[in-house]
Structure formats: structure tokens, C-alpha cells
There are 2 protein chains.
Amino acid sequence: MPSGKATSSDVAAAAGVSRSAVSFAFNNPQRISVATRERILAAAEALGYAPSTLGRMLQAGTTNSIGVLLPQGLGRILENPYYSRFLMGAGQVCDQEGYTLLLTPPLQDSVLRAIPYAAVDGFVVCGLEADRGEVAELTRRGIPFVLIDSDRLEGAPSVEVDDRGGAREVARYLLELGHRRLAVLSIDPGAEVPVRGYRGPLARRMAGIADALAEFGLTMADVRLAEVPVTRAEGYRATIALMSGDPMSGGEPPTAVLALSDVLAYGAVDALQELAIKVPAEVSVTGFDDLAESSWFRPRLTTVRQPIVTKGRMAAEFLISAIRGEEQHPHHTLGTSLIVRESTAKPA
Amino acid sequence: MPSGKATSSDVAAAAGVSRSAVSFAFNNPQRISVATRERILAAAEALGYAPSTLGRMLQAGTTNSIGVLLPQGLGRILENPYYSRFLMGAGQVCDQEGYTLLLTPPLQDSVLRAIPYAAVDGFVVCGLEADRGEVAELTRRGIPFVLIDSDRLEGAPSVEVDDRGGAREVARYLLELGHRRLAVLSIDPGAEVPVRGYRGPLARRMAGIADALAEFGLTMADVRLAEVPVTRAEGYRATIALMSGDPMSGGEPPTAVLALSDVLAYGAVDALQELAIKVPAEVSVTGFDDLAESSWFRPRLTTVRQPIVTKGRMAAEFLISAIRGEEQHPHHTLGTSLIVRESTAKPA
DNA sequence: CAACCTATGTAACACGTGTTAGTAAGCTGC
DNA sequence: GCAGCTTACTAACACGTGTTACATAGGTTG
């Protein structure tokens, strides 16, 4: 029982042949006589030999694996159903094309540092950091990549969603219903956010809301804003705070909560129920994403649907075709749509 | 702009030094003079050089990556929140220890075939196939591994959950409430299941139910059984069928639905609401897993809690310590607990 | 001034594979 | 009987790295 450390040279020595013969015995059977082939296989079995994955990858120059560069640790990322859906989409393509999926969290809080430790043929880069060192590094290395949930960048292929249009649509919808006192439940951009403001999808969504407000003669200054990590519990807490009235601003509580994530909207509804405020009779709530749960949720959630799974599929497809050098898909934007369900109504 | 194909030899040639010097310049700066070091770094920058990940891995003999061998394709697996939670737990440890996580679905419907294509230091093997070729293959290769959701196996470290005890407890609870006509919403073991019956956790849960039934003088023949893929929609469909009365058996409809997964229980409640049957007044429903959603679900779901995240953490911890050769944790079983909420009551 | 040490750089090895070019033996054909 | 072909196998190269053992040159020490 040799402990699996056998190399092809060992097998060759044991079978009394050259190392090449061993390779042929495994990968090119007709290239060698059946007699010696069986002898080699027997020796391999006896020694517990299996070709080294790394050795083959190095020689072949391909890993059959695509990496997903994530903006946060795995422990936090997978808490959000959004990423599960996204990975599901990418995973569907991987299944089909025979690729594995390497989840690559930041190393020592640095996405950049994680890159050299991932043995992959290409990367899907999620929620790019403000500093764009990653893009430079990846082009430098000549590794194909596709950007997701980032700012549009010249020469960098990406798959995005019309966040601005979606946010504008849902905000406009609430305003048209007659709501004027809005609360926006936004996403905490994390500690690494630059001072210069939002980035990527978050920036676009805020811009969309501003668009709609402008149509009604309002500005962002007229809405209450909270920024929290994307957790149901955090959505709950923030909503309690938002509704109980900020003593500083002193205004009346909002009649609608516009959450930038379905998960946060769930928490908002929890909070309102806790406060004995009826949804949607007294306060309307909207989400963003349209997770599967949102149609089962009570009240069924009014939200902006973005095709998350499709986004994942497309990102993986673009990447794989780039890896194969088939075709360059420079950029693609997927549409969103407002899904009106039961969590919204005219203000009382 | 060389397209990132530069090797350390190229840099050496460009800087007029040996390849070793290049390596030292990057990994062992004090081993070389500052002057040449800067010359080398400049040359590297000009050529767009970055050390090959594969090359380093091959030399170092370590990948800093752990694999997760999955029983189904990524597209299906990630549909189930159970796996998201599990990966989250494993991911927490990976974040902490600086490992990446390689999701390895079956290749051409074979888990075995997928093994040689994963460049990892060790595997977490999930829901092992009936045929145990994987264990043999992994021991043969000398790759450390930890089993999850499998049958207990001599000499193979594993992290399990007391499925039998949990199932027994929830079944007994329903029986003690007075329910006698039970429906069991079970998990479809997939196409690759052997004829000889259930395996792993599913077998243990069924055994636990049988235990409880026996205490009340009943057998598995006295319950209605449906086996479906773990999807809310499938749970819905199956429950509709179960409640509308199997014309063959002709008996009265069940008063309690015991689902072997929370996801299926959600679907069951959906179906009952659709049929205008009150939960729990007319029919009780129980789940298994205690996903986060189950405490938000209305009615709040009575279920068996299993520590999924802890399971993931522990599996990763055991594996990593095995990789480092620190200590061998042969086997561990985590406890379950019955969480009684609002979806169960005495039969009408 | 010889002996020693230190700083700097290099040649060579090891990690493990797949594949191309090339050699010896055996067979066929005329 | 020899050119020519096929078969079965091997030597050598390529993939790209880190590291150990060795060679210089220069400076320090007694």
C-alpha cells in the first residue's frame, strides 16, 4: 500500500519500460502493444499510481476550471441568496461544458492578492473594488475575464443589468401611487469603499431613484436613507429605526420603503409587522432582485426582477468562449422589469 | 504589450541574469543585491511577467485549495439552500485559513471521473454514491478527504448528523399529538440509486420514522410516501397529489405531512393553502433542516434542526488539519433537535 | 599575507506530466 | 537479398516554478 505518491517514473521502473510507455498506456492505448500495456497497468495498480493533476495541467496549459473572484469572504457571500442564484447560473454552464468552479475570496482582505493563488483558465470578477488594480493585473497576466456588477470599463468584457432603469421604474411607480415620503434601504458598500461615493450597481440604482425623484420635483435629500449589510435581520433593524422617526430630522415617518435588495425588503416587512403597521395598507414595501422566495413571501413582494441566473449563465458563457478564443463578447446589458405584487398600494 | 505569456526565463534573459536570480528577486529579496533586483523587477514589469500559478503549485506540492465533490451538477445543487448553508460553513473556515473552494460536480455523470480534474489538497465528499469507488480512488491517490452525508465507513473520516434520532423525534411528536394518518414527503435519491434501497442520511431518516411508528404499533406500510426532487415546486405538486387521495389505496387523506426537507415542507404548505386546508388546524406539516427561512415562514415551521453551518465548518476543519497532517479526526456525529413552532397541532 | 567569511550570482536538481522525433526489430514485396 | 514499411518502444524536449549546492569576487581578521 504505497501512499499514493507513486509517479509515472516509478511505474515505468516497476514495469521495466520507459516513462513514455506509461503515458501511452493511459492516454494512447493503441500506440502500444496489449501485452506491455497490461503489464504497465498492473504495475500502476500495484503501486497505486494515478497521474498527477498538476503535472497534466501544466503540460496541457489548461485547468478546465473557471474562477469566481469574490469581493468578500465566502462566509459572508453565501449568506446572500443573490450569489447562490448567480453561482447557480454559472454552474449550469460549467456542468454543460465540463468545467469546475473555483470560489476565490479575497486573501488577507485583498482581491488582488488572491489572483496568483487560483489555478484557473479565466475569471468571473464580481463587484469589482473601487481601485481597478485587478483588471490591470488580469490583463497583464493575459488571463481572460468577465466583469459582473461593476462599473463599465473600456476594453473589459462585462455582463451587467439595467440597474438604473429598474430603480427608476420602481421609484416612479411608488411616486405615481402618490407616495412622497420615501425611505431607501440601501446596501452597505463595505469598509473598502472610497470616499468619492458609490460604485457599480449601487451607484446606478441610486441614480435611477434620483431620476424618478427629479421627475416629481424631489431630490435625494427628501428621502430617508439607511445603509446596511444585506441580511434579513439587518433590514429588520434598519426599518425599525427608520420608522420610529429620526429625532433629528423630526419629519413624519415614510409611507413607503424602497429596498435595494429583496432580502432587505423581507426584513422591512418583518419590522413593520412587529410595529403593527399593515403592509401595504399603511406602508408599501418594494424590493430588488426578485428572488424565488419573493413570490412565496406574504405579502407577495413587489420588486424589480433582474435575471440573476441568466446573468450567471451569460458570464460563464462569455468567459468560456473567450478562453477558447472563439469570440469576444465585449459587453452586454440585461433588462429588468417591475413585478407588481401585493406589498404596494396607494398611501392611506 | 506582450500578452502575459512571459516566463521567468524570458525575464532572466531580458535582465541579463540567471533564472534563479529572478526567482530570488520575487521570493527572497535579501538574497540578492538591490541593484540587480530592481533591474529584474523592471524587466518583469516591462514583459508583463507574473509567476505561473501551476508551476509554483507543482513545485510547492500544495494548492491551497480544497475541493467539494458534489453528487449532482452545480445547477441543481445550488438550487437547494441546504448546500448554500453548508458551503457557507466550509467557506468560513476557508476564509480564515486562506484556502479557496473548488466546486467539483460530476463529470459526464460520474463523480469518480471528476476527481483527476481537480487540483486540490483534499476533498469534502458530499452525499457519496452507492458505489464506493470514490473512497477507494481517493485513498489510492493518497488525497485526504472527509465524508459528509454518507454511510459510515471504516477508516474514512466523516462528519454526520443524527438523522435517525431527529426523524424519530419528529415522527414521535406527531404520533403523540394523535396523528395516525401520516404522509412522508421524501427526497428522490436520483437516477443512480441502487435497487437495494436507501443510502446515507435518507436511509437513516426513514429508519428513524420506522422506529417511531413501531412504538405506536405501525409500520412504513401505514404511511403514504412520495419521493420528489428537493424543490419547493415539487413539494407543492407532490402534496396536491398526496392530499387528493390515492384512488388505489382509497383511504382517507393524511392529517400530517412529514417532509424530509424544509424546502419540501414549504411546498406542502403552499399546496394546502391552495386546497383551502388550514395549517395546522386541519393538517400539520413538519420539515427537516431548519433553514433560516423556516422561522420567517408563515406559519412558522415546526422542524428538525440540524447544524448545517457547523457541519460545513467541521468538515473543512477536519480536512485542513488532515492536510497539514496535524491530527486525524476519525468520525463525528452532530446532534439534532426538534424545533416546535406553529405548523403543527393536534388532529381535528 | 594567508585564512576566513560574506555577499552575490549561477548551474543543476526536483516537482510530474504529455508529445514529438527517432531507433531497432520484424515483416512484406519483388 | 535488399528496399521499404509497419510496429513497439525510447530519448529528449517542453510546460514553469522554487531551492540546494557550488563558484566567484571582495572584504575582513589575525
# chains A, B, ... in the order shown; residues from 1 in each chain; ligands from 1

$ interface_residues --of "chain C" --to "chain B" --cutoff "9 Å" --atoms "only C-alpha atoms (C1' of nucleotides)" --output "PyMOL selection string"
chain C and resi 7-10+14-16

$ select_by_dssp --residues "region 41-261 of chain A" --states "strand (DSSP E or B)" --output "PyMOL selection string"
chain A and resi 65-69+100-104+107+110+122-126+145-148+158-161+182-187+224-228+256-259

$ write_last_selection --atoms "N, CA and C atoms" --output "compact mmCIF listing (two decimals), in the first residue's frame"
# COMPACT_ATOMS: atom_id res chain seq x y z
N SER A 65 -11.11 24.80 -15.40
CA SER A 65 -11.73 25.37 -14.20
C SER A 65 -11.85 26.88 -14.40
N ILE A 66 -12.96 27.43 -13.98
CA ILE A 66 -13.07 28.88 -14.04
C ILE A 66 -13.22 29.43 -12.63
N GLY A 67 -12.59 30.55 -12.38
CA GLY A 67 -12.58 31.14 -11.05
C GLY A 67 -13.64 32.22 -10.91
N VAL A 68 -14.12 32.38 -9.71
CA VAL A 68 -15.04 33.48 -9.41
C VAL A 68 -14.38 34.34 -8.35
N LEU A 69 -13.95 35.51 -8.75
CA LEU A 69 -13.31 36.44 -7.81
C LEU A 69 -14.39 37.17 -7.04
N THR A 100 -14.99 23.06 -13.73
CA THR A 100 -15.24 23.19 -12.30
C THR A 100 -15.21 24.68 -11.95
N LEU A 101 -15.71 24.97 -10.75
CA LEU A 101 -15.88 26.37 -10.37
C LEU A 101 -15.07 26.64 -9.10
N LEU A 102 -14.10 27.54 -9.21
CA LEU A 102 -13.26 27.83 -8.06
C LEU A 102 -13.70 29.14 -7.39
N LEU A 103 -14.20 29.02 -6.19
CA LEU A 103 -14.62 30.21 -5.46
C LEU A 103 -13.39 30.83 -4.81
N THR A 104 -13.10 32.06 -5.18
CA THR A 104 -11.86 32.71 -4.74
C THR A 104 -12.18 33.96 -3.93
N LEU A 107 -7.76 37.38 -0.36
CA LEU A 107 -6.73 36.83 0.51
C LEU A 107 -6.18 37.98 1.35
N SER A 110 -7.56 41.20 0.41
CA SER A 110 -7.19 41.78 -0.87
C SER A 110 -7.58 40.85 -2.02
N GLY A 122 -9.69 31.22 -16.38
CA GLY A 122 -10.27 32.55 -16.53
C GLY A 122 -11.07 32.91 -15.29
N PHE A 123 -11.41 34.18 -15.20
CA PHE A 123 -12.11 34.65 -14.01
C PHE A 123 -13.43 35.35 -14.34
N VAL A 124 -14.41 35.10 -13.50
CA VAL A 124 -15.57 35.99 -13.44
C VAL A 124 -15.33 36.89 -12.24
N VAL A 125 -15.24 38.17 -12.47
CA VAL A 125 -14.92 39.11 -11.41
C VAL A 125 -16.20 39.78 -10.92
N CYS A 126 -16.51 39.58 -9.65
CA CYS A 126 -17.77 40.09 -9.12
C CYS A 126 -17.54 41.34 -8.26
N PHE A 145 -11.15 37.29 -18.67
CA PHE A 145 -12.06 37.56 -17.55
C PHE A 145 -13.31 38.28 -18.03
N VAL A 146 -14.32 38.22 -17.20
CA VAL A 146 -15.58 38.91 -17.46
C VAL A 146 -15.98 39.63 -16.18
N LEU A 147 -16.38 40.87 -16.33
CA LEU A 147 -16.78 41.67 -15.16
C LEU A 147 -18.28 41.55 -14.90
N ILE A 148 -18.61 41.54 -13.62
CA ILE A 148 -20.01 41.45 -13.19
C ILE A 148 -20.25 42.46 -12.08
N SER A 158 -18.01 42.60 -20.04
CA SER A 158 -18.80 42.57 -18.82
C SER A 158 -20.24 42.22 -19.12
N VAL A 159 -20.90 41.71 -18.10
CA VAL A 159 -22.33 41.45 -18.18
C VAL A 159 -22.99 42.25 -17.07
N GLU A 160 -23.85 43.14 -17.45
CA GLU A 160 -24.48 44.00 -16.45
C GLU A 160 -25.99 43.92 -16.56
N VAL A 161 -26.62 44.63 -15.66
CA VAL A 161 -28.07 44.69 -15.63
C VAL A 161 -28.45 46.15 -15.62
N LEU A 182 -40.48 58.81 1.11
CA LEU A 182 -39.86 57.52 0.85
C LEU A 182 -38.69 57.26 1.80
N ALA A 183 -38.53 55.98 2.12
CA ALA A 183 -37.30 55.55 2.80
C ALA A 183 -36.57 54.60 1.87
N VAL A 184 -35.29 54.81 1.71
CA VAL A 184 -34.49 53.92 0.87
C VAL A 184 -33.60 53.07 1.76
N LEU A 185 -33.77 51.75 1.60
CA LEU A 185 -32.98 50.80 2.38
C LEU A 185 -31.86 50.32 1.46
N SER A 186 -30.70 50.91 1.65
CA SER A 186 -29.62 50.67 0.70
C SER A 186 -28.59 49.69 1.25
N ILE A 187 -27.69 49.34 0.39
CA ILE A 187 -26.70 48.31 0.71
C ILE A 187 -25.42 48.95 1.20
N ARG A 224 -35.40 59.38 3.31
CA ARG A 224 -34.59 58.85 4.40
C ARG A 224 -33.75 57.71 3.86
N LEU A 225 -32.53 57.63 4.32
CA LEU A 225 -31.61 56.65 3.77
C LEU A 225 -30.94 55.85 4.88
N ALA A 226 -30.90 54.55 4.69
CA ALA A 226 -30.14 53.70 5.61
C ALA A 226 -29.29 52.75 4.78
N GLU A 227 -28.08 52.52 5.22
CA GLU A 227 -27.18 51.60 4.51
C GLU A 227 -26.79 50.46 5.44
N VAL A 228 -27.14 49.27 5.05
CA VAL A 228 -26.89 48.13 5.92
C VAL A 228 -26.36 46.94 5.13
N ALA A 256 -43.52 54.63 2.37
CA ALA A 256 -43.04 53.54 1.51
C ALA A 256 -41.57 53.28 1.78
N VAL A 257 -41.23 52.00 1.77
CA VAL A 257 -39.83 51.61 1.94
C VAL A 257 -39.35 50.97 0.64
N LEU A 258 -38.38 51.60 0.04
CA LEU A 258 -37.81 51.09 -1.21
C LEU A 258 -36.47 50.43 -0.87
N ALA A 259 -36.48 49.10 -0.87
CA ALA A 259 -35.25 48.38 -0.53
C ALA A 259 -34.48 48.04 -1.80

$ atom_distance --atom1 "CA of Arg324 (chain B)" --atom2 "CA of Ala50 (chain B)"
27.7 Å

$ interface_residues --of "chain B" --to "chain A" --cutoff "6 Å" --atoms "only C-alpha atoms" --output "VMD selection string"
chain B and resid 3 to 4 48 53 to 54 58 73 to 75 78 88 91 to 92 95 100 to 104 116 119 140 to 142

$ atom_distance --atom1 "CA of Asn28 (chain A)" --atom2 "CA of Glu326 (chain A)"
27.8 Å

$ residues_around --residues "DA12 (chain C)" --least-positions-apart "5" --cutoff "10 Å" --atoms "only C-alpha atoms (C1' of nucleotides)" --output "PyMOL selection string"
chain D and resi 20-22

$ write_last_selection --atoms "N, CA and C atoms (P, O5', C5', C4', C3', O3' and C1' of nucleotides)" --output "mmCIF file, in the first residue's frame"
data_model
loop_
_atom_site.group_PDB
_atom_site.id
_atom_site.type_symbol
_atom_site.label_atom_id
_atom_site.label_comp_id
_atom_site.auth_asym_id
_atom_site.auth_seq_id
_atom_site.Cartn_x
_atom_site.Cartn_y
_atom_site.Cartn_z
ATOM 1 P P DT D 20 16.375 24.832 0.213
ATOM 2 O "O5'" DT D 20 17.630 23.862 0.019
ATOM 3 C "C5'" DT D 20 17.430 22.593 -0.593
ATOM 4 C "C4'" DT D 20 18.656 22.187 -1.390
ATOM 5 C "C3'" DT D 20 19.984 22.431 -0.652
ATOM 6 O "O3'" DT D 20 20.808 21.279 -0.784
ATOM 7 C "C1'" DT D 20 20.054 23.434 -2.777
ATOM 8 P P DA D 21 22.140 21.166 0.086
ATOM 9 O "O5'" DA D 21 23.283 21.289 -1.010
ATOM 10 C "C5'" DA D 21 23.283 20.377 -2.114
ATOM 11 C "C4'" DA D 21 24.261 20.855 -3.177
ATOM 12 C "C3'" DA D 21 25.664 21.148 -2.642
ATOM 13 O "O3'" DA D 21 26.632 20.605 -3.537
ATOM 14 C "C1'" DA D 21 24.812 23.065 -3.740
ATOM 15 P P DC D 22 28.193 20.676 -3.101
ATOM 16 O "O5'" DC D 22 28.751 21.875 -4.005
ATOM 17 C "C5'" DC D 22 28.705 21.747 -5.433
ATOM 18 C "C4'" DC D 22 28.891 23.103 -6.079
ATOM 19 C "C3'" DC D 22 30.267 23.751 -5.870
ATOM 20 O "O3'" DC D 22 30.922 23.851 -7.118
ATOM 21 C "C1'" DC D 22 28.513 25.325 -5.722
#
